[in-house]
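Source file: data.cif (mmCIF, C-alpha atoms)
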```
data_upload
loop_
_atom_site.label_atom_id
_atom_site.label_comp_id
_atom_site.auth_asym_id
_atom_site.auth_seq_id
_atom_site.Cartn_x
_atom_site.Cartn_y
_atom_site.Cartn_z
CA MET A 16 23.35 -0.95 32.25
CA ARG A 17 23.29 2.41 30.53
CA ILE A 18 21.58 3.16 27.25
CA GLY A 19 24.72 2.75 25.11
CA GLU A 20 25.40 -0.72 26.48
CA LEU A 21 21.77 -1.75 26.03
CA ALA A 22 21.84 -0.53 22.43
CA GLU A 23 25.03 -2.44 21.73
CA ARG A 24 23.83 -5.68 23.34
CA ALA A 25 20.46 -5.46 21.58
CA GLY A 26 21.97 -4.62 18.20
CA THR A 27 20.27 -1.25 17.81
CA THR A 28 20.92 2.44 18.43
CA THR A 29 20.37 4.70 21.42
CA ARG A 30 18.05 6.78 19.27
CA THR A 31 15.88 3.73 18.62
CA LEU A 32 15.76 2.95 22.35
CA ARG A 33 14.67 6.50 23.11
CA TYR A 34 11.96 6.15 20.47
CA TYR A 35 10.74 2.91 22.04
CA GLU A 36 10.67 4.73 25.36
CA SER A 37 8.63 7.60 23.87
CA ARG A 38 6.14 5.03 22.53
CA GLY A 39 5.80 3.42 25.95
CA LEU A 40 7.40 0.13 24.92
CA LEU A 41 10.50 0.59 27.04
CA THR A 42 10.86 2.06 30.50
CA ALA A 43 14.11 3.30 31.98
CA ARG A 44 14.95 3.83 35.60
CA ARG A 45 16.95 6.97 36.33
CA THR A 46 20.15 6.96 38.30
CA GLY A 47 20.93 9.64 40.88
CA ASN A 48 22.69 11.73 38.25
CA GLY A 49 19.80 11.38 35.77
CA TYR A 50 21.21 8.71 33.47
CA ARG A 51 18.90 6.06 32.09
CA ALA A 52 19.48 2.63 33.61
CA TYR A 53 18.25 -0.66 32.20
CA GLY A 54 18.31 -4.27 33.31
CA GLU A 55 18.21 -7.67 31.66
CA ASP A 56 14.41 -7.51 31.46
CA GLU A 57 14.60 -4.45 29.22
CA LEU A 58 17.17 -6.23 27.06
CA ARG A 59 14.67 -9.10 26.59
CA LEU A 60 11.96 -6.58 25.64
CA VAL A 61 14.15 -4.88 23.06
CA ARG A 62 15.26 -8.20 21.59
CA GLN A 63 11.59 -9.28 21.31
CA ILE A 64 10.68 -6.01 19.58
CA ARG A 65 13.62 -6.30 17.17
CA LEU A 66 12.81 -9.92 16.33
CA LEU A 67 9.20 -9.11 15.54
CA GLN A 68 10.18 -6.11 13.45
CA ASP A 69 12.65 -8.31 11.55
CA PHE A 70 9.63 -10.53 10.75
CA GLY A 71 7.81 -7.49 9.34
CA PHE A 72 5.61 -6.59 12.30
CA GLU A 73 4.74 -2.93 12.79
CA LEU A 74 6.09 -1.40 15.99
CA GLU A 75 2.63 -1.11 17.52
CA ASP A 76 2.04 -4.83 16.84
CA THR A 77 4.89 -5.61 19.25
CA ARG A 78 3.04 -4.05 22.20
CA PRO A 79 1.12 -7.21 23.26
CA PHE A 80 4.38 -9.18 23.28
CA VAL A 81 6.08 -6.53 25.40
CA GLU A 82 3.15 -6.42 27.82
CA CYS A 83 3.20 -10.21 28.05
CA LEU A 84 6.89 -10.17 29.02
CA ARG A 85 6.29 -7.37 31.51
CA ALA A 86 3.52 -9.45 33.09
CA GLY A 87 6.16 -12.04 33.96
CA HIS A 88 5.61 -14.61 31.23
CA ALA A 89 8.66 -16.50 30.03
CA ALA A 90 7.87 -15.73 26.39
CA GLY A 91 6.26 -12.70 24.81
CA ASP A 92 3.99 -14.85 22.70
CA SER A 93 2.34 -16.81 25.48
CA CYS A 94 -0.55 -14.38 26.00
CA PRO A 95 -3.87 -14.30 24.07
CA ALA A 96 -3.26 -10.81 22.67
CA SER A 97 0.08 -11.90 21.25
CA LEU A 98 -1.46 -14.95 19.65
CA GLU A 99 -4.07 -12.73 18.01
CA VAL A 100 -1.32 -10.56 16.52
CA TYR A 101 0.32 -13.72 15.13
CA ARG A 102 -3.02 -14.77 13.58
CA ARG A 103 -3.49 -11.35 11.96
CA LYS A 104 0.05 -11.39 10.60
CA LEU A 105 -0.39 -14.89 9.15
CA ALA A 106 -3.62 -13.83 7.44
CA GLU A 107 -1.83 -10.79 6.03
CA LEU A 108 1.04 -12.96 4.76
CA ASP A 109 -1.37 -15.48 3.21
CA ASP A 110 -3.14 -12.67 1.39
CA CYS A 111 0.15 -11.28 0.15
CA LEU A 112 1.28 -14.71 -1.05
CA ALA A 113 -2.01 -15.23 -2.89
CA ARG A 114 -1.65 -11.88 -4.65
CA LEU A 115 1.96 -12.64 -5.57
CA GLY A 116 0.91 -16.05 -6.91
CA ALA A 117 -1.75 -14.44 -9.10
CA VAL A 118 0.73 -11.87 -10.42
CA ARG A 119 3.27 -14.62 -11.10
CA GLU A 120 0.70 -16.57 -13.11
CA GLN A 121 -0.15 -13.47 -15.14
CA VAL A 122 3.50 -12.75 -15.87
CA ALA A 123 4.11 -16.40 -16.82
CA GLY A 124 1.11 -16.25 -19.15
CA GLN A 125 2.36 -13.06 -20.75
CA LEU A 126 5.80 -14.60 -21.19
CA ALA A 127 4.35 -17.76 -22.77
CA ARG A 128 2.20 -15.69 -25.11
CA ALA A 129 5.13 -13.48 -26.10
CA GLU A 130 7.43 -16.45 -26.66
CA LEU A 131 4.85 -18.18 -28.84
CA GLU A 132 4.42 -15.02 -30.86
CA VAL A 133 8.16 -14.68 -31.33
CA ALA A 134 8.54 -18.37 -32.10
CA SER A 135 5.75 -18.38 -34.67
CA ALA A 136 7.07 -19.16 -38.12
CA HIS A 137 4.98 -16.33 -39.52
CA ALA A 138 6.08 -13.72 -37.00
CA GLU A 139 7.88 -10.79 -38.48
CA PRO A 140 11.05 -9.67 -36.67
CA ARG A 141 10.23 -6.70 -34.45
CA CYS A 142 13.74 -5.61 -33.69
CA GLU A 143 17.12 -5.50 -35.39
CA TRP A 144 18.52 -8.35 -33.34
CA THR A 145 15.85 -10.87 -34.36
CA ALA A 146 16.06 -9.77 -37.99
CA GLN A 147 19.79 -10.52 -38.01
CA GLN A 148 19.55 -14.03 -36.52
CA SER A 149 20.55 -16.89 -38.73
CA PRO A 150 17.80 -19.32 -39.81
CA ALA A 151 19.39 -22.09 -37.71
CA ARG A 152 19.44 -19.85 -34.62
CA GLN A 153 15.81 -18.86 -35.25
CA THR A 154 14.77 -22.54 -35.42
CA VAL A 155 16.52 -23.34 -32.11
CA THR A 156 14.89 -20.28 -30.52
CA GLN A 157 11.47 -21.30 -31.81
CA GLN A 158 11.86 -24.86 -30.53
CA ALA A 159 12.94 -23.67 -27.10
CA ALA A 160 10.07 -21.20 -26.89
CA THR A 161 7.55 -23.85 -27.93
CA GLN A 162 8.86 -26.32 -25.34
CA GLN A 163 8.84 -23.70 -22.59
CA ALA A 164 5.31 -22.58 -23.46
CA ALA A 165 4.09 -26.20 -23.41
CA ALA A 166 5.72 -26.77 -20.01
CA GLN A 167 4.13 -23.60 -18.62
CA GLN A 168 0.73 -24.57 -19.98
CA ALA A 169 1.04 -28.03 -18.38
CA ALA A 170 2.03 -26.44 -15.06
CA ALA A 171 -0.95 -24.08 -15.23
CA GLN A 172 -3.30 -26.99 -15.95
CA GLN A 173 -1.82 -28.89 -13.02
CA THR A 174 -2.38 -25.87 -10.73
CA VAL A 175 -6.01 -25.61 -11.84
CA ALA A 176 -6.51 -29.34 -11.25
CA GLN A 177 -4.96 -29.06 -7.77
CA GLN A 178 -7.17 -26.10 -6.89
CA THR A 179 -10.23 -28.02 -8.12
CA ARG A 180 -9.29 -31.00 -5.92
CA GLU A 181 -8.77 -28.68 -2.92
CA ASP A 182 -12.13 -27.01 -3.55
CA GLU A 183 -13.82 -30.41 -3.68
CA VAL A 184 -12.19 -31.40 -0.39
CA ASP A 185 -13.14 -28.07 1.24
CA GLY A 186 -16.68 -28.13 -0.18
#
```
Whole structure given in structure tokens:
Amino acid sequence: MRIGELAERAGTTTRTLRYYESRGLLTARRTGNGYRAYGEDELRLVRQIRLLQDFGFELEDTRPFVECLRAGHAAGDSCPASLEVYRRKLAELDDCLARLGAVREQVAGQLARAELEVASAHAEPRCEWTAQQSPARQTVTQQAATQQAAAQQAAAQQTVAQQTREDEVDG
């Protein structure tokens, strides 16, 4: 198949295929008139690269998978080098999730603190909108904020207790 057909079947562009070729991830045979020619094996390679990139892998991280397929394996992830790339990616994702969890907890804490401050009976209105609220509306707002803050505090305590249990099991 020619480059346009490969691009269409793989869901990419001819420019991308040429880039893969320049990076050594894709190899084209040349026809007698100089056109690039590809087979089903190259289509499998491109699909493997695209899948991994959709998962967030860098282009260079796809190389072990491509080499595994070129070596004749049925799947690009059946070689030790590919498995190592998976392990690195999982560690990277775990780190990212941990950082996002910590940021989420900080934002939730800030929100709870702010809601308690706003809900406080002694808090002075800090904007025109809160100054214009009716007393009944202010009471409902205060009750909702207090309930939400209590729920967030309980969830935070539960998270700490869970982490403590996990640490005891790990230790």
*Tell me, in Å to one decimal, how far CA of Ile64 in chain A is from CA of Cys111 in chain A.*
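Taking CA of Ile64 in chain A and CA of Cys111 in chain A, their separation equals 22.7 Å.
Picture a line from CA of Ala166 in chain A to CA of Ala127 in chain A; it runs 9.5 Å.
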*Mind telling me what the PyMOL selection byres ((chain A and resi 76-79) around 7) catches here, as a PyMOL selection string?*
chain A and resi 40+64+67+72-75+80-83+96-97+100
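Note that CA of Gly19 in chain A and CA of Ala90 in chain A are 25.0 Å apart.
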*Go through A:Leu126, A:Glu120, A:Ser135, A:Leu108 one by one, measure the shortest atom-to-atom distance of each to Gln163 in chain A using only C-alpha atoms, and give the residue with the smallest value.*
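Between A:Leu126, A:Glu120, A:Ser135, A:Leu108, the residue approaching Gln163 in chain A most closely is A:Leu126.
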*asked:* Applying 12 Å and all atoms listed in the file, which residues near Ala22 in chain A remain after dropping the ones on its own chain fewer than 4 positions away? List them as a PyMOL selection string.
replied: chain A and resi 16-18+26-33+35+52-53+57-59+61-62+65
*Give the answer as one residue: which of A:Leu60, A:Thr161, A:Glu107, A:Gly91 has the shortest atom-to-atom distance to Gly39 in chain A, using all atoms listed in the file?*
A:Leu60
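Minimum distance to Arg85 in chain A across A:Leu41, A:Lys104, A:Glu99, A:Val118 (counting only C-alpha atoms) occurs at A:Leu41.
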